[in-house]
>>> print(open('upload.txt').read())   # compact mmCIF, C-alpha atoms
# COMPACT_ATOMS: atom_id res chain seq x y z
CA MET O 1 -29.88 37.82 -50.24
CA GLU O 2 -26.91 39.94 -49.22
CA ILE O 3 -23.73 38.71 -47.61
CA THR O 4 -23.82 39.41 -43.88
CA LEU O 5 -20.54 39.89 -42.06
CA LYS O 6 -20.36 38.85 -38.41
CA SER O 7 -18.91 40.84 -35.54
CA ARG O 8 -16.40 39.28 -33.16
CA GLU O 9 -19.22 38.87 -30.63
CA GLU O 10 -21.45 37.10 -33.18
CA ILE O 11 -18.59 34.82 -34.22
CA GLY O 12 -18.25 33.97 -30.53
CA TYR O 13 -21.89 32.87 -30.44
CA MET O 14 -21.31 30.70 -33.50
CA GLN O 15 -18.18 29.29 -31.88
CA GLU O 16 -20.28 28.13 -28.95
CA ALA O 17 -22.59 26.30 -31.38
CA GLY O 18 -19.46 24.89 -33.00
CA ARG O 19 -18.10 23.70 -29.67
CA ILE O 20 -21.28 21.72 -29.06
CA LEU O 21 -21.15 20.35 -32.59
CA SER O 22 -17.55 19.25 -32.36
CA SER O 23 -18.19 17.46 -29.06
CA CYS O 24 -21.20 15.80 -30.68
CA HIS O 25 -19.03 14.53 -33.54
CA ARG O 26 -16.56 13.12 -31.04
CA GLY O 27 -19.42 11.17 -29.51
CA VAL O 28 -20.53 9.95 -32.93
CA ALA O 29 -16.99 8.80 -33.72
CA ASP O 30 -17.03 6.64 -30.60
CA LYS O 31 -20.30 5.02 -31.68
CA ILE O 32 -19.43 4.18 -35.29
CA THR O 33 -18.99 0.43 -35.32
CA PRO O 34 -20.33 -2.47 -37.39
CA GLY O 35 -23.91 -3.25 -36.37
CA ILE O 36 -25.05 0.20 -35.28
CA THR O 37 -27.76 1.86 -37.37
CA THR O 38 -27.75 5.44 -38.60
CA MET O 39 -31.14 5.91 -36.92
CA GLN O 40 -29.56 5.02 -33.58
CA ILE O 41 -26.88 7.62 -34.25
CA ASN O 42 -29.53 10.17 -35.27
CA ASP O 43 -31.53 9.62 -32.08
CA TRP O 44 -28.42 9.92 -29.92
CA VAL O 45 -27.45 13.20 -31.64
CA GLU O 46 -30.88 14.72 -31.03
CA GLU O 47 -30.81 13.70 -27.37
CA TYR O 48 -27.24 14.96 -26.92
CA LEU O 49 -28.03 18.37 -28.41
CA ALA O 50 -31.09 18.71 -26.19
CA ARG O 51 -28.89 18.12 -23.13
CA GLN O 52 -26.64 20.96 -24.36
CA GLY O 53 -29.54 23.38 -24.76
CA ALA O 54 -29.25 23.24 -28.55
CA VAL O 55 -31.39 21.94 -31.40
CA PRO O 56 -30.63 20.25 -34.74
CA GLU O 57 -31.26 22.87 -37.42
CA GLN O 58 -31.84 20.28 -40.16
CA LYS O 59 -34.97 18.92 -38.53
CA GLY O 60 -37.86 20.68 -40.20
CA PHE O 61 -35.65 22.58 -42.66
CA LYS O 62 -37.71 22.62 -45.87
CA GLY O 63 -39.53 19.59 -44.49
CA TYR O 64 -36.44 17.48 -43.74
CA PRO O 65 -37.57 15.04 -41.02
CA TYR O 66 -34.38 14.08 -39.16
CA ALA O 67 -31.77 15.59 -36.83
CA THR O 68 -28.88 14.42 -39.03
CA CYS O 69 -28.08 13.56 -42.59
CA ALA O 70 -26.56 10.06 -42.75
CA SER O 71 -25.04 9.13 -46.10
CA VAL O 72 -23.62 5.63 -46.61
CA ASN O 73 -21.18 4.47 -49.31
CA ASP O 74 -22.38 5.75 -52.71
CA THR O 75 -24.86 8.16 -51.10
CA VAL O 76 -22.73 11.27 -50.75
CA CYS O 77 -25.09 13.81 -49.22
CA HIS O 78 -28.50 14.29 -47.55
CA GLY O 79 -29.05 10.61 -46.86
CA PHE O 80 -31.89 9.67 -44.50
CA PRO O 81 -31.03 7.82 -41.27
CA ASP O 82 -32.48 4.29 -41.31
CA GLU O 83 -32.58 0.98 -39.46
CA VAL O 84 -30.05 -0.82 -41.69
CA PRO O 85 -27.01 -1.86 -39.62
CA LEU O 86 -23.70 -0.47 -40.80
CA ALA O 87 -21.33 -3.17 -42.01
CA GLU O 88 -17.57 -3.66 -41.80
CA GLY O 89 -15.97 -1.75 -44.68
CA ASP O 90 -18.74 0.83 -45.08
CA VAL O 91 -18.15 4.55 -44.98
CA VAL O 92 -20.77 6.87 -43.49
CA THR O 93 -21.02 10.65 -43.49
CA ILE O 94 -22.87 12.22 -40.58
CA ASP O 95 -23.81 15.85 -41.26
CA ILE O 96 -25.06 17.93 -38.32
CA VAL O 97 -26.13 21.57 -38.02
CA VAL O 98 -26.41 22.93 -34.49
CA ASN O 99 -28.63 25.86 -33.53
CA LYS O 100 -27.59 27.38 -30.22
CA ASP O 101 -29.61 30.45 -29.25
CA GLY O 102 -30.27 31.28 -32.89
CA TRP O 103 -26.69 30.96 -34.13
CA LEU O 104 -25.62 28.05 -36.31
CA ALA O 105 -22.61 25.81 -36.92
CA ASP O 106 -22.39 23.12 -39.60
CA SER O 107 -20.03 20.16 -39.92
CA GLY O 108 -20.26 16.92 -41.87
CA TRP O 109 -17.68 14.19 -41.29
CA SER O 110 -17.05 10.84 -42.94
CA TYR O 111 -16.25 7.81 -40.81
CA ALA O 112 -14.85 4.41 -41.67
CA VAL O 113 -16.90 1.54 -40.27
CA GLY O 114 -14.37 -0.97 -38.97
CA ARG O 115 -11.60 -1.70 -41.44
CA VAL O 116 -12.08 -0.31 -44.94
CA SER O 117 -10.29 -0.95 -48.21
CA LYS O 118 -7.00 0.80 -48.92
CA PRO O 119 -8.48 2.94 -51.73
CA LEU O 120 -11.27 4.08 -49.43
CA GLU O 121 -8.83 4.74 -46.60
CA ARG O 122 -6.77 6.94 -48.93
CA LEU O 123 -9.91 8.77 -50.10
CA LEU O 124 -10.82 9.57 -46.50
CA LYS O 125 -7.35 10.86 -45.65
CA ARG O 126 -6.92 12.92 -48.81
CA THR O 127 -10.36 14.51 -48.69
CA GLU O 128 -9.75 15.56 -45.09
CA LYS O 129 -6.35 16.90 -46.19
CA ALA O 130 -8.06 18.89 -48.93
CA LEU O 131 -10.40 20.46 -46.37
CA TYR O 132 -7.50 21.85 -44.39
CA LYS O 133 -5.73 23.03 -47.55
CA GLY O 134 -8.89 24.97 -48.38
CA ILE O 135 -9.20 26.37 -44.88
CA ALA O 136 -5.63 27.69 -45.09
CA GLN O 137 -6.78 29.90 -47.97
CA ALA O 138 -9.64 31.47 -45.96
CA VAL O 139 -7.64 34.63 -45.37
CA ALA O 140 -8.77 38.23 -45.82
CA GLY O 141 -7.64 39.41 -49.26
CA ASN O 142 -7.83 35.96 -50.84
CA THR O 143 -10.82 34.89 -52.93
CA ILE O 144 -13.40 32.11 -53.04
CA GLY O 145 -11.48 30.84 -56.07
CA ASP O 146 -8.32 30.43 -53.97
CA ILE O 147 -10.22 28.09 -51.65
CA GLY O 148 -11.70 26.11 -54.54
CA TYR O 149 -8.35 25.84 -56.29
CA ALA O 150 -6.71 24.38 -53.17
CA LEU O 151 -9.47 21.77 -52.81
CA GLU O 152 -9.49 20.86 -56.49
CA LYS O 153 -5.72 20.47 -56.62
CA VAL O 154 -5.83 17.63 -54.06
CA ALA O 155 -8.62 15.85 -55.94
CA ARG O 156 -6.94 16.16 -59.32
CA ARG O 157 -3.64 14.80 -58.05
CA SER O 158 -5.41 11.67 -56.81
CA ARG O 159 -7.78 11.45 -59.79
CA TYR O 160 -10.82 11.68 -57.58
CA GLY O 161 -14.16 13.00 -58.72
CA ILE O 162 -15.42 16.29 -57.32
CA VAL O 163 -19.15 16.52 -56.62
CA LYS O 164 -19.53 19.97 -58.14
CA PRO O 165 -23.27 20.57 -57.67
CA LEU O 166 -22.87 20.46 -53.87
CA VAL O 167 -21.00 23.44 -52.47
CA GLY O 168 -20.11 25.18 -49.24
CA HIS O 169 -21.97 28.32 -48.27
CA GLY O 170 -22.23 31.27 -45.96
CA ILE O 171 -23.82 30.63 -42.57
CA GLY O 172 -24.94 32.59 -39.52
CA ARG O 173 -28.52 32.84 -38.32
CA SER O 174 -29.59 31.10 -41.53
CA LEU O 175 -28.29 27.76 -42.72
CA HIS O 176 -27.61 28.80 -46.30
CA GLU O 177 -26.36 32.33 -46.80
CA PRO O 178 -24.30 33.70 -49.67
CA PRO O 179 -21.67 33.20 -50.91
CA ASP O 180 -21.40 29.74 -52.47
CA VAL O 181 -18.05 28.07 -51.80
CA PRO O 182 -17.33 25.46 -54.52
CA ALA O 183 -14.72 22.72 -54.17
CA PHE O 184 -13.13 23.87 -57.43
CA GLY O 185 -12.00 27.17 -58.88
CA ASN O 186 -9.24 29.41 -60.12
CA ARG O 187 -6.81 31.46 -58.11
CA ARG O 188 -7.67 35.13 -57.59
CA GLU O 189 -11.16 34.69 -58.99
CA GLY O 190 -14.52 35.18 -57.32
CA LEU O 191 -15.56 37.07 -54.21
CA LYS O 192 -12.77 38.62 -52.16
CA LEU O 193 -12.70 37.34 -48.58
CA VAL O 194 -13.03 39.93 -45.83
CA GLU O 195 -12.91 39.88 -42.05
CA GLY O 196 -16.23 38.78 -40.56
CA LEU O 197 -17.22 36.41 -43.36
CA VAL O 198 -18.29 32.99 -42.03
CA ILE O 199 -18.53 30.09 -44.47
CA THR O 200 -18.57 26.33 -44.67
CA ILE O 201 -15.84 24.58 -46.62
CA GLU O 202 -16.93 21.07 -47.57
CA PRO O 203 -15.19 19.05 -50.28
CA ILE O 204 -17.07 15.93 -51.43
CA PHE O 205 -14.79 13.60 -53.41
CA THR O 206 -15.55 10.26 -55.03
CA LEU O 207 -13.44 7.25 -55.98
CA GLY O 208 -14.99 7.45 -59.44
CA PRO O 209 -13.25 10.15 -61.51
CA SER O 210 -16.33 11.97 -62.81
CA GLY O 211 -17.93 13.07 -59.54
CA ALA O 212 -21.31 12.94 -61.31
CA VAL O 213 -24.32 12.47 -59.04
CA LEU O 214 -28.04 11.74 -59.21
CA TRP O 215 -30.85 12.94 -56.94
CA ASN O 216 -33.03 10.12 -55.60
CA ASP O 217 -36.81 10.03 -55.65
CA ASP O 218 -36.99 11.05 -51.98
CA GLY O 219 -36.05 14.54 -53.11
CA TRP O 220 -33.07 14.75 -50.75
CA SER O 221 -30.43 12.04 -50.99
CA VAL O 222 -27.70 12.29 -53.61
CA GLN O 223 -25.84 9.27 -55.03
CA THR O 224 -22.87 8.86 -57.31
CA ALA O 225 -23.91 8.14 -60.88
CA ASP O 226 -21.29 5.42 -61.28
CA GLY O 227 -21.93 3.70 -57.93
CA SER O 228 -18.50 4.61 -56.54
CA ARG O 229 -18.12 5.62 -52.91
CA GLY O 230 -17.80 9.20 -51.82
CA VAL O 231 -16.81 11.08 -48.67
CA GLN O 232 -17.23 14.57 -47.26
CA PHE O 233 -15.38 16.66 -44.70
CA GLU O 234 -16.80 20.01 -43.61
CA HIS O 235 -15.98 22.74 -41.14
CA THR O 236 -17.51 26.13 -40.40
CA VAL O 237 -14.78 28.75 -40.72
CA ALA O 238 -14.62 32.46 -39.89
CA VAL O 239 -12.31 34.87 -41.70
CA THR O 240 -10.62 36.93 -38.97
CA ARG O 241 -7.81 39.45 -38.73
CA ASP O 242 -5.68 36.64 -37.29
CA GLY O 243 -6.44 34.19 -40.12
CA PRO O 244 -8.93 31.36 -40.50
CA LEU O 245 -10.80 30.40 -37.31
CA ILE O 246 -12.34 26.91 -37.39
CA LEU O 247 -15.55 27.16 -35.36
CA THR O 248 -16.22 23.40 -35.48
CA GLN O 249 -12.72 22.14 -34.70
CA GLN O 250 -12.85 18.57 -33.36
>>> encode(input="upload.txt", output="structure tokens")
Amino acid sequence: MEITLKSREEIGYMQEAGRILSSCHRGVADKITPGITTMQINDWVEEYLARQGAVPEQKGFKGYPYATCASVNDTVCHGFPDEVPLAEGDVVTIDIVVNKDGWLADSGWSYAVGRVSKPLERLLKRTEKALYKGIAQAVAGNTIGDIGYALEKVARRSRYGIVKPLVGHGIGRSLHEPPDVPAFGNRREGLKLVEGLVITIEPIFTLGPSGAVLWNDDGWSVQTADGSRGVQFEHTVAVTRDGPLILTQQ
């Protein structure tokens, strides 16, 4: 599958999907509280998107049955929404992909449930910081490796694990387009970034230093091998002549 560059008009369509997605995340943030279930959040997201004339791209993607991915504590990605109430001190990642008139935007965000431990609070802040460090490198003439290096540098300084099997990706009319965008890398290596490239940047860091993960029997959800908690922050970003444009800015 070839890399497809987007015109300014097409990026505008994706930005509209991103606007809906960012407003949806703001609504989710208001709802995250001890006692709510991830299934309640999932149902609200699906209803909200319908009111905006959009649909959740995950639902039905390769048989995935829900409108969101909801990953709690040591589940770091592709968790199924369920009826278990969230508890004080949990962390939950809600990942949403919006399809608006055939154009997509993707953003996963980790939320603290009530008050969390200091180590977990630092993990949340530093992983979000890493995301923006990576986005700053999404400039024409830089490389995929420049983005990965910026993300990895934050993790290494804090001795966090990097979940290396799960990477960012190109996006447009399809959810997963080339290129892959790892959360690690070397400066000046990999694909050169050019105007019109649209990618997701999505570091997933863990409190455990290895970042090793296991796939569960459901075929979707991914958990840390050591049981440590993990978080993810993700934006959809376009490379433009004026620098990085965050299409899912909250």
>>> closest_atom_pairs(input="upload.txt", of="range 94-149 of chain O", to="range 172-182 of chain O", cutoff="8 Å", atoms="all atoms listed in the file", output="CSV")
residue,atom,partner,partner_atom,distance
O:Gly102,CA,O:Arg173,CA,5.9
O:Trp103,CA,O:Arg173,CA,4.9
O:Leu104,CA,O:Gly172,CA,5.6
O:Ala105,CA,O:Gly172,CA,7.6
O:Ile144,CA,O:Val181,CA,6.3
O:Ile147,CA,O:Val181,CA,7.8
O:Gly148,CA,O:Pro182,CA,5.7
>>> closest_residue(input="upload.txt", among="O:Leu86, O:Ile204, O:Cys69, O:Val98", to="Leu124 in chain O", atoms="only C-alpha atoms")
O:Ile204
>>> closest_residue(input="upload.txt", among="O:Thr4, O:Ser107, O:Gln250, O:Thr206", to="His235 in chain O", atoms="only C-alpha atoms")
O:Ser107
>>> atom_distance(input="upload.txt", atom1="CA of Gly170 in chain O", atom2="CA of Met39 in chain O")
28.4 Å
>>> atom_distance(input="upload.txt", atom1="CA of Glu189 in chain O", atom2="CA of Asp146 in chain O")
7.2 Å
